[in-house]
$ cat input33.cif   # mmCIF, C-alpha atoms and all ligand atoms
data_run
loop_
_atom_site.group_PDB
_atom_site.id
_atom_site.type_symbol
_atom_site.label_atom_id
_atom_site.label_comp_id
_atom_site.auth_asym_id
_atom_site.auth_seq_id
_atom_site.Cartn_x
_atom_site.Cartn_y
_atom_site.Cartn_z
ATOM 1 C CA LEU A 1 -67.189 -18.984 -3.418
ATOM 2 C CA PHE A 2 -63.762 -20.614 -3.092
ATOM 3 C CA ILE A 3 -64.877 -23.513 -5.219
ATOM 4 C CA SER A 4 -66.098 -21.218 -7.972
ATOM 5 C CA TYR A 5 -62.818 -19.324 -7.671
ATOM 6 C CA ALA A 6 -60.919 -22.558 -8.178
ATOM 7 C CA GLN A 7 -63.146 -23.528 -11.066
ATOM 8 C CA ASN A 8 -62.731 -20.172 -12.788
ATOM 9 C CA GLU A 9 -59.007 -20.607 -12.424
ATOM 10 C CA ARG A 10 -59.312 -24.050 -13.950
ATOM 11 C CA VAL A 11 -61.317 -22.713 -16.896
ATOM 12 C CA ARG A 12 -58.696 -20.029 -17.411
ATOM 13 C CA ALA A 13 -55.904 -22.575 -17.315
ATOM 14 C CA ILE A 14 -57.778 -24.800 -19.758
ATOM 15 C CA SER A 15 -58.305 -21.985 -22.232
ATOM 16 C CA HIS A 16 -54.594 -21.124 -22.040
ATOM 17 C CA VAL A 17 -53.872 -24.730 -22.830
ATOM 18 C CA ALA A 18 -56.335 -24.659 -25.731
ATOM 19 C CA ALA A 19 -54.533 -21.689 -27.278
ATOM 20 C CA SER A 20 -51.151 -23.367 -27.050
ATOM 21 C CA LEU A 21 -52.703 -26.575 -28.329
ATOM 22 C CA VAL A 22 -53.308 -25.022 -31.734
ATOM 23 C CA HIS A 23 -49.555 -24.485 -32.150
ATOM 24 C CA GLU A 24 -48.719 -27.845 -30.678
ATOM 25 C CA VAL A 25 -50.883 -29.590 -33.240
ATOM 26 C CA ARG A 26 -49.994 -27.392 -36.193
ATOM 27 C CA ASN A 27 -46.261 -28.111 -35.884
ATOM 28 C CA PRO A 28 -46.473 -31.880 -36.300
ATOM 29 C CA LEU A 29 -49.034 -31.469 -39.094
ATOM 30 C CA THR A 30 -46.657 -29.193 -40.970
ATOM 31 C CA ALA A 31 -43.832 -31.696 -40.508
ATOM 32 C CA VAL A 32 -45.946 -34.604 -41.744
ATOM 33 C CA LYS A 33 -47.113 -32.590 -44.743
ATOM 34 C CA GLY A 34 -43.513 -31.691 -45.589
ATOM 35 C CA PHE A 35 -42.304 -35.267 -45.532
ATOM 36 C CA LEU A 36 -45.258 -36.514 -47.550
ATOM 37 C CA THR A 37 -44.513 -33.813 -50.130
ATOM 38 C CA LEU A 38 -40.891 -34.955 -50.369
ATOM 39 C CA ILE A 39 -41.985 -38.539 -50.896
ATOM 40 C CA ARG A 40 -44.613 -37.564 -53.484
ATOM 41 C CA ASP A 41 -42.158 -35.397 -55.367
ATOM 42 C CA GLY A 42 -39.795 -38.237 -55.956
ATOM 43 C CA VAL A 43 -37.529 -39.250 -53.105
ATOM 44 C CA THR A 44 -36.740 -42.836 -54.087
ATOM 45 C CA ASP A 45 -34.025 -43.799 -51.612
ATOM 46 C CA ARG A 46 -35.569 -46.583 -49.502
ATOM 47 C CA GLY A 47 -33.647 -45.622 -46.352
ATOM 48 C CA ARG A 48 -34.680 -41.978 -46.566
ATOM 49 C CA ILE A 49 -38.317 -42.859 -47.130
ATOM 50 C CA GLU A 50 -38.281 -45.141 -44.108
ATOM 51 C CA ARG A 51 -36.744 -42.414 -41.986
ATOM 52 C CA TYR A 52 -39.395 -39.907 -43.116
ATOM 53 C CA ILE A 53 -42.158 -42.363 -42.308
ATOM 54 C CA GLU A 54 -40.697 -42.967 -38.823
ATOM 55 C CA ILE A 55 -40.652 -39.220 -38.166
ATOM 56 C CA CYS A 56 -44.242 -38.873 -39.413
ATOM 57 C CA MET A 57 -45.396 -41.731 -37.167
ATOM 58 C CA SER A 58 -43.809 -40.219 -34.082
ATOM 59 C CA GLU A 59 -45.200 -36.759 -34.885
ATOM 60 C CA ILE A 60 -48.674 -38.272 -35.210
ATOM 61 C CA ALA A 61 -48.243 -40.182 -31.944
ATOM 62 C CA ARG A 62 -47.249 -36.952 -30.213
ATOM 63 C CA THR A 63 -50.332 -35.206 -31.575
ATOM 64 C CA GLU A 64 -52.559 -37.997 -30.338
ATOM 65 C CA TYR A 65 -50.929 -37.781 -26.923
ATOM 66 C CA ILE A 66 -51.393 -34.013 -26.719
ATOM 67 C CA LEU A 67 -55.063 -34.269 -27.680
ATOM 68 C CA SER A 68 -55.836 -37.025 -25.186
ATOM 69 C CA GLU A 69 -54.087 -35.120 -22.377
ATOM 70 C CA TYR A 70 -56.163 -32.096 -23.227
ATOM 71 C CA LEU A 71 -59.400 -34.058 -23.221
ATOM 72 C CA ALA A 72 -58.507 -35.484 -19.821
ATOM 73 C CA ILE A 73 -57.933 -32.097 -18.185
ATOM 74 C CA SER A 74 -60.790 -30.261 -19.849
ATOM 75 C CA LYS A 75 -63.445 -32.754 -18.837
ATOM 76 C CA PRO A 76 -65.719 -30.735 -16.591
ATOM 77 C CA ILE A 77 -66.238 -31.869 -13.001
ATOM 78 C CA GLY A 78 -69.887 -31.824 -11.979
ATOM 79 C CA ASP A 79 -71.317 -31.320 -8.504
ATOM 80 C CA LYS A 80 -73.243 -34.534 -8.194
ATOM 81 C CA GLN A 81 -72.477 -36.678 -5.149
ATOM 82 C CA GLU A 82 -72.951 -40.408 -5.214
ATOM 83 C CA PRO A 83 -71.954 -43.456 -3.174
ATOM 84 C CA THR A 84 -68.254 -43.722 -3.923
ATOM 85 C CA ASP A 85 -65.894 -46.629 -3.365
ATOM 86 C CA LEU A 86 -62.981 -45.027 -1.535
ATOM 87 C CA GLU A 87 -60.706 -48.012 -1.931
ATOM 88 C CA GLU A 88 -61.044 -47.860 -5.705
ATOM 89 C CA LEU A 89 -60.149 -44.153 -5.627
ATOM 90 C CA LEU A 90 -57.038 -44.959 -3.607
ATOM 91 C CA ARG A 91 -56.008 -47.522 -6.189
ATOM 92 C CA ILE A 92 -56.442 -45.038 -9.027
ATOM 93 C CA THR A 93 -54.606 -42.350 -7.061
ATOM 94 C CA LYS A 94 -51.673 -44.664 -6.534
ATOM 95 C CA ASP A 95 -51.449 -45.425 -10.261
ATOM 96 C CA VAL A 96 -51.684 -41.755 -11.141
ATOM 97 C CA MET A 97 -49.226 -40.451 -8.543
ATOM 98 C CA SER A 98 -46.544 -43.147 -8.389
ATOM 99 C CA PRO A 99 -44.673 -41.831 -11.451
ATOM 100 C CA TYR A 100 -44.656 -38.339 -9.917
ATOM 101 C CA ALA A 101 -43.297 -39.709 -6.619
ATOM 102 C CA ASN A 102 -40.637 -41.777 -8.419
ATOM 103 C CA MET A 103 -39.577 -38.778 -10.433
ATOM 104 C CA HIS A 104 -38.871 -36.949 -7.154
ATOM 105 C CA ASN A 105 -37.215 -39.974 -5.571
ATOM 106 C CA VAL A 106 -40.021 -40.214 -3.026
ATOM 107 C CA LEU A 107 -41.422 -43.480 -1.745
ATOM 108 C CA LEU A 108 -45.217 -43.520 -1.930
ATOM 109 C CA GLU A 109 -47.019 -45.991 0.308
ATOM 110 C CA ILE A 110 -50.757 -46.369 0.251
ATOM 111 C CA SER A 111 -52.292 -48.848 2.656
ATOM 112 C CA HIS A 112 -55.880 -49.691 3.368
ATOM 113 C CA PRO A 113 -57.921 -52.544 4.790
ATOM 114 C CA PRO A 114 -59.134 -55.077 2.224
ATOM 115 C CA GLU A 115 -62.785 -54.217 2.777
ATOM 116 C CA THR A 116 -64.665 -51.780 0.577
ATOM 117 C CA VAL A 117 -65.709 -48.532 2.180
ATOM 118 C CA TRP A 118 -68.270 -46.172 0.730
ATOM 119 C CA ILE A 119 -68.541 -42.443 1.157
ATOM 120 C CA LEU A 120 -71.065 -40.027 -0.285
ATOM 121 C CA ALA A 121 -68.973 -37.815 -2.542
ATOM 122 C CA ASN A 122 -68.301 -36.594 -6.031
ATOM 123 C CA PRO A 123 -65.801 -39.219 -7.211
ATOM 124 C CA ASP A 124 -63.961 -36.894 -9.624
ATOM 125 C CA LYS A 125 -63.554 -34.252 -6.934
ATOM 126 C CA MET A 126 -62.459 -36.792 -4.339
ATOM 127 C CA LYS A 127 -59.860 -38.148 -6.759
ATOM 128 C CA GLN A 128 -58.597 -34.606 -7.300
ATOM 129 C CA VAL A 129 -58.449 -34.106 -3.509
ATOM 130 C CA LEU A 130 -56.266 -37.194 -3.034
ATOM 131 C CA VAL A 131 -54.042 -36.160 -5.920
ATOM 132 C CA ASN A 132 -53.650 -32.645 -4.464
ATOM 133 C CA PHE A 133 -52.611 -33.881 -1.009
ATOM 134 C CA ILE A 134 -50.163 -36.424 -2.372
ATOM 135 C CA LYS A 135 -48.725 -33.974 -4.879
ATOM 136 C CA ASN A 136 -48.039 -31.457 -2.099
ATOM 137 C CA ALA A 137 -46.549 -34.146 0.128
ATOM 138 C CA VAL A 138 -44.193 -35.283 -2.637
ATOM 139 C CA GLU A 139 -43.216 -31.679 -3.353
ATOM 140 C CA ALA A 140 -42.595 -31.060 0.367
ATOM 141 C CA CYS A 141 -40.215 -34.060 0.406
ATOM 142 C CA ALA A 142 -38.458 -32.855 -2.718
ATOM 143 C CA GLU A 143 -37.574 -29.604 -0.919
ATOM 144 C CA VAL A 144 -35.514 -31.463 1.678
ATOM 145 C CA SER A 145 -32.260 -33.193 0.904
ATOM 146 C CA HIS A 146 -32.594 -36.445 2.751
ATOM 147 C CA ALA A 147 -31.796 -39.991 1.796
ATOM 148 C CA ARG A 148 -35.350 -40.722 0.849
ATOM 149 C CA GLY A 149 -38.563 -38.805 1.041
ATOM 150 C CA LYS A 150 -41.531 -40.825 2.123
ATOM 151 C CA VAL A 151 -45.251 -40.244 1.764
ATOM 152 C CA THR A 152 -47.691 -42.555 3.486
ATOM 153 C CA LEU A 153 -51.409 -42.575 2.969
ATOM 154 C CA ARG A 154 -53.407 -44.661 5.440
ATOM 155 C CA LEU A 155 -57.065 -45.442 5.599
ATOM 156 C CA GLN A 156 -58.736 -46.497 8.823
ATOM 157 C CA ILE A 157 -62.334 -47.463 9.202
ATOM 158 C CA ALA A 158 -64.322 -46.922 12.387
ATOM 159 C CA ALA A 159 -68.028 -47.338 13.071
ATOM 160 C CA ARG A 160 -69.277 -44.265 11.268
ATOM 161 C CA LYS A 161 -66.213 -42.525 10.041
ATOM 162 C CA VAL A 162 -63.332 -43.206 7.766
ATOM 163 C CA THR A 163 -60.018 -41.584 8.590
ATOM 164 C CA LEU A 164 -57.448 -40.857 5.908
ATOM 165 C CA THR A 165 -53.994 -39.733 6.951
ATOM 166 C CA ILE A 166 -51.379 -38.392 4.578
ATOM 167 C CA GLN A 167 -47.994 -38.131 6.196
ATOM 168 C CA ASP A 168 -44.729 -36.916 4.749
ATOM 169 C CA ASN A 169 -41.212 -36.331 6.018
ATOM 170 C CA GLY A 170 -40.861 -33.186 3.957
ATOM 171 C CA ILE A 171 -40.138 -29.551 4.670
ATOM 172 C CA GLY A 172 -43.086 -29.014 7.026
ATOM 173 C CA MET A 173 -44.904 -25.804 7.835
ATOM 174 C CA THR A 174 -44.801 -23.127 10.506
ATOM 175 C CA GLU A 175 -47.934 -22.565 12.563
ATOM 176 C CA GLU A 176 -48.578 -19.399 10.576
ATOM 177 C CA GLN A 177 -48.429 -21.273 7.295
ATOM 178 C CA ALA A 178 -50.600 -24.117 8.558
ATOM 179 C CA LYS A 179 -53.266 -21.601 9.595
ATOM 180 C CA ARG A 180 -53.429 -20.175 6.083
ATOM 181 C CA LEU A 181 -53.967 -23.559 4.459
ATOM 182 C CA GLY A 182 -57.085 -23.655 2.370
ATOM 183 C CA SER A 183 -57.286 -19.919 1.799
ATOM 184 C CA VAL A 184 -57.131 -18.755 -1.788
ATOM 185 C CA TYR A 185 -53.702 -18.075 -3.274
ATOM 186 C CA PHE A 186 -51.708 -19.097 -0.198
ATOM 187 C CA SER A 187 -48.618 -20.693 -1.680
ATOM 188 C CA THR A 188 -44.968 -20.837 -0.685
ATOM 189 C CA LYS A 189 -43.907 -22.143 -4.093
ATOM 190 C CA SER A 190 -42.462 -19.950 -6.808
ATOM 191 C CA SER A 191 -44.854 -21.332 -9.396
ATOM 192 C CA GLY A 192 -47.566 -22.389 -6.933
ATOM 193 C CA THR A 193 -51.203 -21.416 -7.205
ATOM 194 C CA GLY A 194 -52.516 -22.034 -3.707
ATOM 195 C CA LEU A 195 -55.637 -23.453 -5.299
ATOM 196 C CA GLY A 196 -55.024 -27.140 -4.623
ATOM 197 C CA MET A 197 -55.722 -26.906 -0.902
ATOM 198 C CA THR A 198 -58.537 -24.400 -1.393
ATOM 199 C CA PHE A 199 -60.311 -26.799 -3.696
ATOM 200 C CA SER A 200 -59.578 -29.775 -1.438
ATOM 201 C CA TYR A 201 -60.731 -28.187 1.835
ATOM 202 C CA GLN A 202 -63.969 -27.028 0.233
ATOM 203 C CA ALA A 203 -64.611 -30.378 -1.399
ATOM 204 C CA ILE A 204 -64.082 -32.266 1.874
ATOM 205 C CA LEU A 205 -66.438 -29.865 3.667
ATOM 206 C CA SER A 206 -69.055 -30.452 0.985
ATOM 207 C CA PHE A 207 -68.802 -34.216 1.633
ATOM 208 C CA GLY A 208 -69.493 -33.596 5.342
ATOM 209 C CA GLY A 209 -65.883 -34.166 6.306
ATOM 210 C CA THR A 210 -63.134 -32.394 8.242
ATOM 211 C CA VAL A 211 -59.422 -31.763 7.719
ATOM 212 C CA ASN A 212 -56.767 -31.324 10.383
ATOM 213 C CA VAL A 213 -53.098 -30.695 10.037
ATOM 214 C CA GLN A 214 -50.104 -31.308 12.267
ATOM 215 C CA SER A 215 -46.836 -29.985 10.982
ATOM 216 C CA GLU A 216 -43.364 -29.132 12.098
ATOM 217 C CA PRO A 217 -40.816 -27.242 10.044
ATOM 218 C CA GLY A 218 -38.060 -29.585 8.962
ATOM 219 C CA ALA A 219 -39.805 -32.700 10.264
ATOM 220 C CA GLY A 220 -42.848 -33.116 8.048
ATOM 221 C CA THR A 221 -46.591 -32.870 7.889
ATOM 222 C CA LYS A 222 -49.539 -35.052 8.677
ATOM 223 C CA PHE A 223 -52.990 -34.321 7.322
ATOM 224 C CA THR A 224 -55.971 -36.102 8.859
ATOM 225 C CA ILE A 225 -59.167 -36.202 6.838
ATOM 226 C CA GLN A 226 -62.330 -37.635 8.337
ATOM 227 C CA LEU A 227 -65.363 -38.473 6.259
ATOM 228 C CA PRO A 228 -68.711 -40.007 7.167
ATOM 229 C CA ILE A 229 -69.148 -43.558 5.937
ATOM 230 C CA TYR A 230 -72.034 -43.965 3.561
ATOM 231 C CA THR A 231 -74.697 -46.473 4.512
ATOM 232 C CA ARG A 232 -78.244 -47.103 3.337
ATOM 233 C CA ASP A 233 -79.460 -45.635 6.661
ATOM 234 C CA VAL A 234 -77.884 -42.308 5.824
ATOM 235 C CA GLU A 235 -79.694 -42.226 2.518
ATOM 236 C CA GLU A 236 -82.993 -43.129 4.109
ATOM 237 C CA ALA A 237 -82.520 -40.410 6.704
ATOM 238 C CA ARG A 238 -81.789 -37.884 3.962
ATOM 239 C CA GLU A 239 -84.852 -38.914 2.000
ATOM 240 C CA ALA A 240 -86.962 -38.590 5.144
ATOM 241 C CA VAL A 241 -85.672 -35.059 5.691
ATOM 242 C CA GLU A 242 -86.259 -34.082 2.060
ATOM 243 C CA ALA A 243 -89.767 -35.575 1.967
HETATM 244 P P1 LIG B 1 -49.442 -24.974 -4.289
HETATM 245 O O1 LIG B 1 -49.080 -26.422 -4.131
HETATM 246 O O2 LIG B 1 -49.697 -24.585 -5.704
HETATM 247 O O3 LIG B 1 -48.509 -24.047 -3.585
HETATM 248 P P2 LIG B 1 -51.629 -25.691 -2.563
HETATM 249 O O4 LIG B 1 -52.960 -25.072 -2.331
HETATM 250 O O5 LIG B 1 -51.616 -27.103 -3.044
HETATM 251 O O6 LIG B 1 -50.873 -24.747 -3.576
HETATM 252 O O7 LIG B 1 -50.785 -25.603 -1.238
HETATM 253 C C1 LIG B 1 -50.666 -24.353 -0.584
HETATM 254 C C2 LIG B 1 -49.440 -24.288 0.292
HETATM 255 O O8 LIG B 1 -49.618 -25.144 1.425
HETATM 256 C C3 LIG B 1 -48.156 -24.793 -0.334
HETATM 257 O O9 LIG B 1 -47.536 -23.804 -1.136
HETATM 258 C C4 LIG B 1 -47.324 -25.146 0.894
HETATM 259 O O10 LIG B 1 -46.731 -24.012 1.448
HETATM 260 C C5 LIG B 1 -48.368 -25.630 1.880
HETATM 261 N N1 LIG B 1 -48.426 -27.108 1.935
HETATM 262 C C6 LIG B 1 -49.436 -27.887 1.523
HETATM 263 N N2 LIG B 1 -49.183 -29.193 1.750
HETATM 264 C C7 LIG B 1 -47.958 -29.243 2.342
HETATM 265 C C8 LIG B 1 -47.113 -30.298 2.841
HETATM 266 N N3 LIG B 1 -47.481 -31.575 2.762
HETATM 267 N N4 LIG B 1 -45.941 -29.943 3.396
HETATM 268 C C9 LIG B 1 -45.553 -28.660 3.484
HETATM 269 N N5 LIG B 1 -46.286 -27.626 3.033
HETATM 270 C C10 LIG B 1 -47.479 -27.894 2.470
HETATM 271 MG MG MG B 2 -50.343 -28.090 -4.532
#

$ encode --input "input33.cif" --output "structure tokens" --more "lines below"
Ligand code: ADP
Ligand code: MG
Amino acid sequence: LFISYAQNERVRAISHVAASLVHEVRNPLTAVKGFLTLIRDGVTDRGRIERYIEICMSEIARTEYILSEYLAISKPIGDKQEPTDLEELLRITKDVMSPYANMHNVLLEISHPPETVWILANPDKMKQVLVNFIKNAVEACAEVSHARGKVTLRLQIAARKVTLTIQDNGIGMTEEQAKRLGSVYFSTKSSGTGLGMTFSYQAILSFGGTVNVQSEPGAGTKFTIQLPIYTRDVEEAREAVEA
């Protein structure tokens, strides 16, 4: 139910974006058309023509950017789970979230053992989960005025389980707040949605995992996510059950 809630919300957000997209794309088109008209109708000054062309090029680049951003967010996330390389997801997450951390003057550290570890998950959802936790951690740091916010993501591998910890030295949570994590629309942010954690908790559950949180107001928060490691044996056991 929560997942479908989150997905409905996502569809709504996407359709809002689509509506605004029409304007976003029409404006640069109008500008380009205007400048081409001026050139066609006889502007001969070399410098002016070059300036018009520069403006047209940057308007077109902006349009391309807007369209590719839209395609990226509107790509539907399926439900299919597959063996997923967690280390690769961590690498992608770091690339995606480092600019956001930098923007908030937060140091983002992601460390993991060199070996590959597989989980059975939906890779797009798992990526979104990592992004959600790191985004919140960065935002929690940004709410505190300290020399430097710090977010650390660690991956530890044990016999059957992989443990991911996401720790920040941000604003922290009261016990009351921590208890409400993962329930729909719980947010302490003015423009928050409360859907990030809802989606993430449900996704982790659906991968057979667990989430725990330790938090202290003013000191920071540590999330611990445990997920079963994927091995051939697990698959064989599943197939045996399904047969
Ligand atoms: P949003 O970020 O839009 O508020 P989320 O579902 O991502 O929604 O998070 C819900 C709430 O959980 C946040 O508003 C915040 O109060 C709390 N929270 C989540 N992660 C952290 C964190 N690392 N530190 C402090 N509070 C957090
Ligand atoms: Mg969030």

$ resolve_selection --input "input33.cif" --expression "the PyMOL selection byres (((not hetatm)) within 6 of (chain B and resi 1))" --output "list in words"
Asn136, Ala137, Ala140, Ile171, Gly172, Met173, Leu181, Phe186, Ser187, Thr188, Lys189, Gly192, Thr193, Gly194, Leu195, Gly196, Met197, Thr198 and Thr221 of chain A

$ residues_around --input "input33.cif" --residues "Leu36 of chain A" --least-positions-apart "3" --cutoff "10 Å" --atoms "all atoms listed in the file" --output "list in words"
Thr30, Ala31, Val32, Lys33, Ile39, Arg40, Asp41, Val43, Ile49, Tyr52, Ile53 and Cys56 of chain A

$ resolve_selection --input "input33.cif" --expression "the PyMOL selection byres (((chain A and resi 223-231) around 7) and not hetatm)" --output "PDB file with C-alpha atoms, in the coordinates of the input"
ATOM      1  CA  PRO A  83     -71.954 -43.456  -3.174  1.00  0.00           C
ATOM      2  CA  TRP A 118     -68.270 -46.172   0.730  1.00  0.00           C
ATOM      3  CA  ILE A 119     -68.541 -42.443   1.157  1.00  0.00           C
ATOM      4  CA  LEU A 120     -71.065 -40.027  -0.285  1.00  0.00           C
ATOM      5  CA  ARG A 160     -69.277 -44.265  11.268  1.00  0.00           C
ATOM      6  CA  LYS A 161     -66.213 -42.525  10.041  1.00  0.00           C
ATOM      7  CA  VAL A 162     -63.332 -43.206   7.766  1.00  0.00           C
ATOM      8  CA  THR A 163     -60.018 -41.584   8.590  1.00  0.00           C
ATOM      9  CA  LEU A 164     -57.448 -40.857   5.908  1.00  0.00           C
ATOM     10  CA  THR A 165     -53.994 -39.733   6.951  1.00  0.00           C
ATOM     11  CA  ILE A 166     -51.379 -38.392   4.578  1.00  0.00           C
ATOM     12  CA  GLN A 167     -47.994 -38.131   6.196  1.00  0.00           C
ATOM     13  CA  GLY A 208     -69.493 -33.596   5.342  1.00  0.00           C
ATOM     14  CA  GLY A 209     -65.883 -34.166   6.306  1.00  0.00           C
ATOM     15  CA  THR A 210     -63.134 -32.394   8.242  1.00  0.00           C
ATOM     16  CA  VAL A 211     -59.422 -31.763   7.719  1.00  0.00           C
ATOM     17  CA  ASN A 212     -56.767 -31.324  10.383  1.00  0.00           C
ATOM     18  CA  VAL A 213     -53.098 -30.695  10.037  1.00  0.00           C
ATOM     19  CA  GLN A 214     -50.104 -31.308  12.267  1.00  0.00           C
ATOM     20  CA  THR A 221     -46.591 -32.870   7.889  1.00  0.00           C
ATOM     21  CA  LYS A 222     -49.539 -35.052   8.677  1.00  0.00           C
ATOM     22  CA  ARG A 232     -78.244 -47.103   3.337  1.00  0.00           C
ATOM     23  CA  ASP A 233     -79.460 -45.635   6.661  1.00  0.00           C
ATOM     24  CA  VAL A 234     -77.884 -42.308   5.824  1.00  0.00           C
ATOM     25  CA  GLU A 235     -79.694 -42.226   2.518  1.00  0.00           C
TER      26      GLU A 235
END

$ atom_distance --input "input33.cif" --atom1 "atom CA of Ser206 of chain A" --atom2 "atom CA of Gln156 of chain A"
20.6 Å

$ closest_residue --input "input33.cif" --among "A:Val241, A:Ala203, A:Leu67, A:Val131" --to "ligand MG 2 (chain B)" --atoms "all atoms listed in the file"
A:Val131

$ closest_residue --input "input33.cif" --among "A:Arg148, A:Lys127, A:Lys135, A:His104" --to "Leu90 of chain A" --atoms "all atoms listed in the file"
A:Lys127

$ closest_residue --input "input33.cif" --among "A:Leu107, A:Ile66, A:Leu89, A:Ala159" --to "Leu21 of chain A" --atoms "all atoms listed in the file"
A:Ile66

$ residues_around --input "input33.cif" --residues "Gly78 of chain A" --least-positions-apart "3" --cutoff "10 Å" --atoms "all atoms listed in the file" --output "MDAnalysis selection string"
chainID A and resid 75 81 122:125
